[in-house]
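This is target-v8.txt (compact mmCIF, C-alpha atoms).
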```
# COMPACT_ATOMS: atom_id res chain seq x y z
CA MET A 101 84.73 97.11 80.50
CA LEU A 102 86.30 93.83 79.41
CA PRO A 103 85.49 90.56 81.22
CA THR A 104 89.08 90.30 82.41
CA GLU A 105 88.93 93.77 83.96
CA ALA A 106 85.75 92.98 85.86
CA THR A 107 87.08 89.86 87.54
CA GLY A 108 90.70 90.93 87.72
CA LYS A 109 91.86 87.51 86.48
CA ARG A 110 93.03 86.26 83.11
CA SER A 111 92.47 82.83 81.66
CA ALA A 112 95.38 80.42 81.27
CA LEU A 113 94.89 80.54 77.50
CA GLN A 114 95.79 84.23 77.49
CA ASP A 115 98.87 83.50 79.55
CA VAL A 116 100.24 81.07 76.95
CA VAL A 117 102.74 83.01 74.84
CA THR A 118 105.95 82.45 72.84
CA ARG A 119 108.75 85.02 72.56
CA GLU A 120 112.30 85.09 71.19
CA TYR A 121 115.01 86.76 73.26
CA THR A 122 118.76 87.28 73.04
CA VAL A 123 120.28 86.38 76.41
CA HIS A 124 123.63 87.83 77.45
CA LEU A 125 125.15 84.84 79.26
CA HIS A 126 127.94 86.76 80.97
CA LYS A 127 125.30 88.76 82.88
CA ARG A 128 122.82 86.03 83.90
CA SER A 129 121.83 82.43 83.29
CA ILE A 130 119.05 81.34 80.95
CA VAL A 131 116.96 79.91 83.79
CA GLU A 132 117.21 83.14 85.80
CA PHE A 133 116.34 85.21 82.71
CA ALA A 134 113.36 82.97 81.83
CA ARG A 135 111.95 83.18 85.36
CA LYS A 136 112.01 86.96 85.28
CA ALA A 137 110.84 87.42 81.67
CA MET A 138 108.02 84.87 81.68
CA GLY A 139 106.98 85.02 85.34
CA THR A 140 107.12 81.27 86.05
CA SER A 141 109.37 79.50 88.52
CA ASP A 142 109.24 76.20 86.58
CA VAL A 143 111.74 76.53 83.68
CA ARG A 144 112.64 73.58 81.45
CA LEU A 145 115.54 73.59 78.99
CA ASP A 146 115.53 71.76 75.67
CA PRO A 147 118.42 69.26 75.31
CA LYS A 148 119.53 70.95 72.05
CA LEU A 149 119.78 74.26 73.90
CA ASN A 150 121.99 72.59 76.49
CA GLN A 151 124.20 71.14 73.72
CA ALA A 152 124.50 74.57 72.09
CA LEU A 153 125.59 76.10 75.40
CA TRP A 154 128.29 73.52 76.06
CA ALA A 155 129.43 72.96 72.44
CA GLN A 156 132.58 75.08 72.89
CA GLY A 157 133.45 73.59 76.28
CA ILE A 158 133.30 74.88 79.82
CA LYS A 159 136.01 77.52 79.34
CA SER A 160 134.52 79.27 76.32
CA VAL A 161 130.79 79.59 76.90
CA PRO A 162 129.23 81.90 74.27
CA HIS A 163 128.62 85.52 75.27
CA ARG A 164 125.11 85.59 73.81
CA ILE A 165 122.54 83.05 72.70
CA ARG A 166 119.17 83.42 70.98
CA VAL A 167 116.41 81.62 72.89
CA LYS A 168 112.73 80.97 72.23
CA LEU A 169 110.76 80.96 75.49
CA GLU A 170 107.35 79.31 75.45
CA ARG A 171 104.98 79.69 78.39
CA LYS A 172 102.82 76.55 78.38
CA ARG A 173 100.05 75.06 80.48
CA ASN A 174 101.09 72.36 82.94
CA ASP A 175 98.84 69.32 82.38
CA GLU A 176 100.23 67.21 85.21
CA GLU A 177 97.73 66.46 87.96
CA ASN A 178 99.94 67.19 90.96
CA ALA A 179 101.66 70.27 89.50
CA LYS A 180 102.42 73.12 91.87
CA GLU A 181 101.93 75.76 89.18
CA LYS A 182 99.51 76.10 86.26
CA LEU A 183 102.18 77.27 83.81
CA TYR A 184 105.79 76.43 82.96
CA THR A 185 108.40 77.88 80.58
CA TYR A 186 110.12 75.78 77.90
CA ALA A 187 113.34 77.23 76.45
CA THR A 188 114.68 76.20 73.02
CA HIS A 189 117.68 77.31 70.97
CA VAL A 190 117.27 79.53 67.90
CA PRO A 191 120.40 79.40 65.71
CA VAL A 192 121.41 82.79 64.27
CA THR A 193 124.49 83.94 62.35
CA SER A 194 124.69 87.40 63.93
CA PHE A 195 123.11 89.10 66.93
CA LYS A 196 123.26 92.58 65.33
CA GLY A 197 119.90 94.33 65.21
CA LEU A 198 117.87 91.52 66.78
CA GLN A 199 115.04 92.51 69.09
CA THR A 200 112.58 90.66 71.25
CA THR A 201 109.80 89.26 69.07
CA VAL A 202 106.47 87.62 69.88
CA VAL A 203 106.11 84.40 67.89
CA ASP A 204 102.66 83.41 66.64
CA ALA A 205 101.24 80.19 68.06
CA GLU A 206 101.65 77.31 65.66
```

Structure rendered as structure tokens:
Amino acid sequence: MLPTEATGKRSALQDVVTREYTVHLHKRSIVEFARKAMGTSDVRLDPKLNQALWAQGIKSVPHRIRVKLERKRNDEENAKEKLYTYATHVPVTSFKGLQTTVVDAE
């Protein structure tokens, strides 16, 4: 039996993970998707991701966007949650054949 199975809890270090997703923006927002996929209610968007979303204007938002979601530890003293999700833009030329990938920690 593993130590995590005995206690029923995981350490915060095991909860830190980075994944790349393709988000279909005409179905749901990035914040809503990140909350569900990463399991944190605190989602922060990178300013470059925001620029990529609004680059074509309000009337022609892209259908899909490739996003890297990083679940990180919250080091603030008065934080409500231990973890938060940070979303960044991943530029791609085509969305054909892309799948969800787990990115190694740098």

Quiz prompt | Atom-to-atom span, CA of Thr185 in chain A and CA of Lys159 in chain A, Å | solution =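 Distance between the two atoms: 27.6 Å.
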
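Of the residues listed (A:Asp115, A:Asp146, A:Asp204, A:Glu177), A:Asp146 shows the shortest atom-to-atom separation from Val131 in chain A; distances use all atoms listed in the file.
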
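The point (102.2, 82.3, 87.2) has these residues within 8 Å of it when only C-alpha atoms are used: Gly139, Thr140, Ser141, Glu181, Lys182 and Leu183 of chain A.
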
Quiz item: When you draw a straight line from CA of Ala152 in chain A to CA of Ala179 in chain A, how long is it in Å?
Solution: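 These atoms are spaced 29.0 Å apart.
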
Practice problem: For CA of Val123 in chain A and CA of Pro162 in chain A, quote the distance in Å rounded to one decimal. | Solution: 10.2 Å

Practice problem: Between A:Arg166, A:Lys180, A:Lys196, A:Lys172, single out the one closest to Glu120 in chain A, counting all atoms listed in the file. | Solution: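 Comparing A:Arg166, A:Lys180, A:Lys196, A:Lys172 against Glu120 in chain A, the winner is A:Arg166.
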
Quiz item: Between A:His189, A:Arg144, A:Arg135, A:His126, which one has atoms that come closest to Lys168 in chain A, using all atoms listed in the file?
Solution: A:His189
